[in-house]
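**Student:** So that we are looking at the same thing, I have put the structure below in structure tokens.
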Protein chains: 2
Amino acid sequence: MAIRERRERERAERERAIITAARDLAESEGWDAVTTRRLAAEIEYSQPVLYSHFKGKEAIMAAVAVEGFADLARDLAAARAAAAGERQAVAAVAEAYTSFAERRPALYDAMFTLRVDLPFASPDAPIDLPRGFAELAETVRPIAAADELEALTETFWSALHGLVTLMRSGRLRRADHARRLALLVDRFTCGT
Amino acid sequence: MAIRERRERERAERERAIITAARDLAESEGWDAVTTRRLAAEIEYSQPVLYSHFKGKEAIMAAVAVEGFADLARDLAAARAAAAGERQAVAAVAEAYTSFAERRPALYDAMFTLRVDLPFASPDAPIDLPRGFAELAETVRPIAAADELEALTETFWSALHGLVTLMRSGRLRRADHARRLALLVDRFTCGT
DNA sequence: CAGGATCGCTAGCAGTGCTAGGATTCTGGG
DNA sequence: CCCAGAATCCTAGCACTGCTAGCGATCCTG
């Protein structure tokens, strides 16, 4: 019965290969270049094997996104831990968030802008998904009233997300990014 | 030579018909349903005529977006004019912005989230494009220092955009929208 | 009324996500 | 050792996408 184990292991490896290939291809040439044929060629299998692992292309993108949530949570945690004070933590986390989106644009798109039906509010959401939000919430906590923590975190997140997406699509000049970020942090840490 | 004029007029009417059909179809069934074949059927012409008016599908979407900018600018101006004071104006404009995005999601997507290479910072941008931004800037002016007006306007805009997109994609619960909006306005009008 | 330009159509290309069906390989029992 | 049955994976193809070449008909001009 060890053969069965080997097969399952190989299958898991192939699944990882698909996700990795999709992420790499997306990051180097954009999501438009990620076609099922191209992906199949990359992992040196035929197209239909993709569908024995994932329901469809969107499911593959969702799997890539899930990996991204873990990365983002790690970045935010590191930034918060390294910050000197509470106000600095807000600025550092904001910087880490936008920096992540700038460095990994394709990954960020899969996570937040492209339509991939990931269960966000649902309890069966991937474990890493709420971790990034929790990291943001902990950062925001010192500047929020007790009953507004969640809503303020969501608002802060939205502002960061808006800055990132509008800048990436050419709607905002990249040169003024630091200035906008400083203004945002300034206004959010206003009363404290 | 009046015949030439009639032909040009008919041609202009057809171009408007294309834009209108694209907008209506997108608003009723989403942009995925807007295919060149479907569009051609809607205006009762064959596919290739679309390409004698527009360079491609993206150009049609861009034309729809331009119409949207005029609508949005009008909504924002009305909200600002109807507001009692400066602080109320900020809240009213924020509400008008998010309400526009909620009421006309497909139009909003064409304007801000889908990739349509409209010249944003360029001087040959459509006339209505900067009008909405100017409206926002006038609203923000009373709560901004002189040298930060533009950057603060962009930041405020980004926050609204982020709220709208994250909510529309299911990342934020719609129920808490008003609360987030109030928090945002509160923080931005903090020092004043 | 002929000549020529303009116009809008049919047909088709290359590419997309996805799937049905069969061939090939492997598995486990006699 | 052999062979039925199951698992696996590939070839071929479907319906659709945006877009374009090339042809006929139509209309204006001299």
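Identifiers in the structure tokens: chain A, B, ... in order shown; residue index from 1 per chain; ligand index from 1 in order shown.
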Could you work out which residues of chain A fall inside 12 Å of chain D? Count only C-alpha atoms (C1' of nucleotides), and format the result as a ChimeraX atom specification.
**Tutor:** /A:4,7,11,40,44-52
**Student:** With a distance threshold of 10 Å and counting only C-alpha atoms, extract the residues of chain A near chain B and express them as a VMD selection string.
**Tutor:** chain A and resid 112 to 121 148 150 to 167 169 to 173 176 to 184 186 to 191
**Student:** Could you take the residues named above and write them with N, CA and C atoms, as a short mmCIF file (atom, residue, chain, number, x, y, z; two decimals), in the first residue's frame?
**Tutor:**
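The resulting file, selection.cif, is shown below:
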data_model
loop_
_atom_site.label_atom_id
_atom_site.label_comp_id
_atom_site.auth_asym_id
_atom_site.auth_seq_id
_atom_site.Cartn_x
_atom_site.Cartn_y
_atom_site.Cartn_z
N PHE A 112 -7.36 40.42 -4.33
CA PHE A 112 -8.31 41.49 -3.98
C PHE A 112 -9.10 42.09 -5.14
N THR A 113 -8.59 42.08 -6.33
CA THR A 113 -9.33 42.78 -7.38
C THR A 113 -10.02 41.84 -8.35
N LEU A 114 -9.36 40.74 -8.72
CA LEU A 114 -10.00 39.83 -9.65
C LEU A 114 -11.11 39.07 -8.95
N ARG A 115 -12.09 38.71 -9.74
CA ARG A 115 -13.24 38.02 -9.19
C ARG A 115 -12.93 36.54 -8.98
N VAL A 116 -12.62 36.19 -7.77
CA VAL A 116 -12.43 34.78 -7.42
C VAL A 116 -13.27 34.53 -6.19
N ASP A 117 -14.24 33.66 -6.33
CA ASP A 117 -15.19 33.48 -5.24
C ASP A 117 -14.59 32.76 -4.05
N LEU A 118 -13.76 33.48 -3.33
CA LEU A 118 -13.25 32.98 -2.06
C LEU A 118 -14.24 33.35 -0.97
N PRO A 119 -14.49 32.43 -0.06
CA PRO A 119 -15.40 32.76 1.05
C PRO A 119 -14.70 33.69 2.04
N PHE A 120 -15.11 34.94 2.06
CA PHE A 120 -14.40 35.91 2.90
C PHE A 120 -14.93 35.95 4.32
N ALA A 121 -16.23 36.13 4.43
CA ALA A 121 -16.81 36.23 5.76
C ALA A 121 -17.15 34.85 6.32
N GLU A 148 -15.57 50.61 17.76
CA GLU A 148 -15.42 50.92 16.34
C GLU A 148 -14.22 50.21 15.73
N GLU A 150 -13.52 47.20 14.54
CA GLU A 150 -13.68 46.45 13.29
C GLU A 150 -13.97 47.37 12.11
N ALA A 151 -14.90 48.27 12.32
CA ALA A 151 -15.27 49.18 11.23
C ALA A 151 -14.10 50.08 10.84
N LEU A 152 -13.35 50.53 11.82
CA LEU A 152 -12.21 51.40 11.50
C LEU A 152 -11.12 50.63 10.77
N THR A 153 -10.91 49.39 11.19
CA THR A 153 -9.94 48.55 10.50
C THR A 153 -10.33 48.38 9.03
N GLU A 154 -11.60 48.10 8.81
CA GLU A 154 -12.08 47.94 7.44
C GLU A 154 -11.91 49.22 6.64
N THR A 155 -12.15 50.33 7.27
CA THR A 155 -12.01 51.62 6.59
C THR A 155 -10.56 51.90 6.24
N PHE A 156 -9.69 51.63 7.20
CA PHE A 156 -8.25 51.83 6.96
C PHE A 156 -7.77 50.92 5.83
N TRP A 157 -8.19 49.70 5.89
CA TRP A 157 -7.85 48.72 4.84
C TRP A 157 -8.35 49.24 3.48
N SER A 158 -9.57 49.70 3.44
CA SER A 158 -10.14 50.20 2.20
C SER A 158 -9.31 51.34 1.63
N ALA A 159 -8.89 52.23 2.50
CA ALA A 159 -8.10 53.38 2.05
C ALA A 159 -6.80 52.90 1.42
N LEU A 160 -6.14 51.96 2.08
CA LEU A 160 -4.90 51.41 1.53
C LEU A 160 -5.17 50.73 0.20
N HIS A 161 -6.22 49.96 0.16
CA HIS A 161 -6.57 49.25 -1.07
C HIS A 161 -6.86 50.24 -2.20
N GLY A 162 -7.57 51.28 -1.89
CA GLY A 162 -7.88 52.30 -2.90
C GLY A 162 -6.62 52.97 -3.42
N LEU A 163 -5.74 53.35 -2.52
CA LEU A 163 -4.48 53.98 -2.93
C LEU A 163 -3.73 53.07 -3.89
N VAL A 164 -3.64 51.82 -3.51
CA VAL A 164 -2.88 50.85 -4.30
C VAL A 164 -3.47 50.65 -5.68
N THR A 165 -4.77 50.43 -5.74
CA THR A 165 -5.38 50.10 -7.03
C THR A 165 -5.40 51.31 -7.96
N LEU A 166 -5.72 52.47 -7.42
CA LEU A 166 -5.77 53.65 -8.29
C LEU A 166 -4.37 54.01 -8.80
N MET A 167 -3.38 53.79 -7.97
CA MET A 167 -2.02 54.08 -8.42
C MET A 167 -1.58 53.07 -9.47
N SER A 169 -3.33 51.43 -11.56
CA SER A 169 -4.01 51.55 -12.84
C SER A 169 -3.73 52.89 -13.50
N GLY A 170 -2.79 53.64 -12.95
CA GLY A 170 -2.38 54.89 -13.59
C GLY A 170 -3.26 56.07 -13.25
N ARG A 171 -4.22 55.89 -12.34
CA ARG A 171 -5.09 57.00 -11.98
C ARG A 171 -4.42 57.98 -11.02
N LEU A 172 -3.41 57.53 -10.31
CA LEU A 172 -2.69 58.40 -9.38
C LEU A 172 -1.21 58.38 -9.73
N ARG A 173 -0.59 59.54 -9.66
CA ARG A 173 0.85 59.62 -9.94
C ARG A 173 1.62 58.88 -8.85
N ASP A 176 3.72 60.82 -5.92
CA ASP A 176 3.16 61.40 -4.70
C ASP A 176 2.70 60.35 -3.70
N HIS A 177 3.07 59.11 -3.95
CA HIS A 177 2.54 58.03 -3.12
C HIS A 177 2.89 58.22 -1.64
N ALA A 178 4.15 58.49 -1.36
CA ALA A 178 4.58 58.62 0.04
C ALA A 178 3.80 59.74 0.74
N ARG A 179 3.58 60.78 0.01
CA ARG A 179 2.86 61.92 0.57
C ARG A 179 1.42 61.55 0.93
N ARG A 180 0.77 60.86 0.01
CA ARG A 180 -0.60 60.43 0.29
C ARG A 180 -0.65 59.49 1.48
N LEU A 181 0.32 58.59 1.53
CA LEU A 181 0.36 57.63 2.63
C LEU A 181 0.53 58.36 3.97
N ALA A 182 1.41 59.34 3.98
CA ALA A 182 1.64 60.12 5.20
C ALA A 182 0.37 60.85 5.63
N LEU A 183 -0.33 61.42 4.64
CA LEU A 183 -1.57 62.13 4.94
C LEU A 183 -2.61 61.18 5.54
N LEU A 184 -2.70 60.01 4.95
CA LEU A 184 -3.67 59.03 5.43
C LEU A 184 -3.40 58.65 6.87
N ASP A 186 -1.70 60.25 9.03
CA ASP A 186 -1.89 61.44 9.84
C ASP A 186 -3.35 61.63 10.23
N ARG A 187 -4.23 61.50 9.26
CA ARG A 187 -5.65 61.71 9.56
C ARG A 187 -6.21 60.60 10.44
N PHE A 188 -5.74 59.39 10.20
CA PHE A 188 -6.29 58.28 10.99
C PHE A 188 -5.77 58.29 12.43
N THR A 189 -4.60 58.81 12.63
CA THR A 189 -4.06 58.87 14.00
C THR A 189 -4.30 60.24 14.60
N CYS A 190 -5.30 60.92 14.14
CA CYS A 190 -5.52 62.32 14.47
C CYS A 190 -5.73 62.57 15.96
N GLY A 191 -6.76 61.98 16.51
CA GLY A 191 -7.14 62.32 17.87
C GLY A 191 -6.21 61.77 18.94
#
**Student:** Counting only C-alpha atoms (C1' of nucleotides), give me one row per residue of chain A with an atom at most 8 Å from an atom of chain C, showing the shortest contact pair and its distance in Å to one decimal, sorted by chain then residue number, as JSON lines.
**Tutor:**
{"residue": "A:Thr35", "atom": "CA", "partner": "C:DT16", "partner_atom": "C1'", "distance": 7.8}
{"residue": "A:Thr36", "atom": "CA", "partner": "C:DG17", "partner_atom": "C1'", "distance": 7.4}
{"residue": "A:Lys57", "atom": "CA", "partner": "C:DG17", "partner_atom": "C1'", "distance": 7.7}
**Student:** Save out the residues we just selected, N, CA and C atoms, as a short mmCIF file (atom, residue, chain, number, x, y, z; two decimals), in the first residue's frame.
**Tutor:**
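What follows is the written file part_28.cif:
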data_model
loop_
_atom_site.label_atom_id
_atom_site.label_comp_id
_atom_site.auth_asym_id
_atom_site.auth_seq_id
_atom_site.Cartn_x
_atom_site.Cartn_y
_atom_site.Cartn_z
N THR A 35 -2.94 31.04 -19.35
CA THR A 35 -4.01 30.27 -19.98
C THR A 35 -3.85 28.82 -19.58
N THR A 36 -4.92 28.07 -19.71
CA THR A 36 -4.84 26.68 -19.30
C THR A 36 -3.83 25.91 -20.15
N LYS A 57 -10.30 27.48 -13.96
CA LYS A 57 -9.22 28.46 -13.88
C LYS A 57 -9.37 29.34 -12.65
#
**Student:** Suppose you want the space between CA of Phe133 (chain B) and CA of Leu72 (chain B); what is it in Å?
**Tutor:** 9.8 Å
**Student:** Based on DSSP run over this structure's backbone, return all residues of region 4-167 of chain A in helix (DSSP H, G or I), as JSON, numbers by chain.
**Tutor:** {"A": [4, 5, 6, 7, 8, 9, 10, 11, 12, 13, 14, 15, 16, 17, 18, 19, 20, 21, 22, 23, 24, 25, 26, 27, 28, 29, 31, 32, 33, 36, 37, 38, 39, 40, 41, 42, 43, 47, 48, 49, 50, 51, 52, 53, 57, 58, 59, 60, 61, 62, 63, 64, 65, 66, 67, 68, 69, 70, 71, 72, 73, 74, 75, 76, 77, 78, 79, 80, 81, 82, 86, 87, 88, 89, 90, 91, 92, 93, 94, 95, 96, 97, 98, 99, 100, 101, 102, 103, 105, 106, 107, 108, 109, 110, 111, 112, 113, 129, 130, 131, 132, 133, 134, 135, 136, 137, 138, 139, 140, 141, 142, 143, 146, 147, 148, 149, 150, 151, 152, 153, 154, 155, 156, 157, 158, 159, 160, 161, 162, 163, 164, 165, 166, 167]}
**Student:** Calculated over only C-alpha atoms, which of the candidates A:Ala63, A:Ala81, A:Ala22, A:Val93 has the smallest distance to Ala106 (chain A)?
**Tutor:** A:Ala22
**Student:** Mind giving me the straight-line distance from CA of Leu39 (chain A) to CA of Ile18 (chain A) in Å, one decimal?
**Tutor:**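 Separation of CA of Leu39 (chain A) and CA of Ile18 (chain A): 7.1 Å.
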**Student:** Which residues come within 10 Å of Leu25 (chain A), counting only C-alpha atoms (C1' of nucleotides), excluding same-chain residues fewer than 3 positions away, as a list of chain:residue names?
**Tutor:**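 Surrounding residues, per the criterion: A:Ile19, A:Thr20, A:Ala21, A:Ala22, A:Ser28, A:Glu29, A:Gly30, A:Trp31, A:Asp32, A:Ala33, A:Val34, A:Thr35, A:Arg38, A:Leu39, A:Glu42, A:Ala106.
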**Student:** At what distance in Å, to one decimal, does CA of Arg104 (chain A) lie from CA of Gly68 (chain A)?
**Tutor:**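 Going from CA of Gly68 (chain A) over to CA of Arg104 (chain A) covers 9.1 Å.
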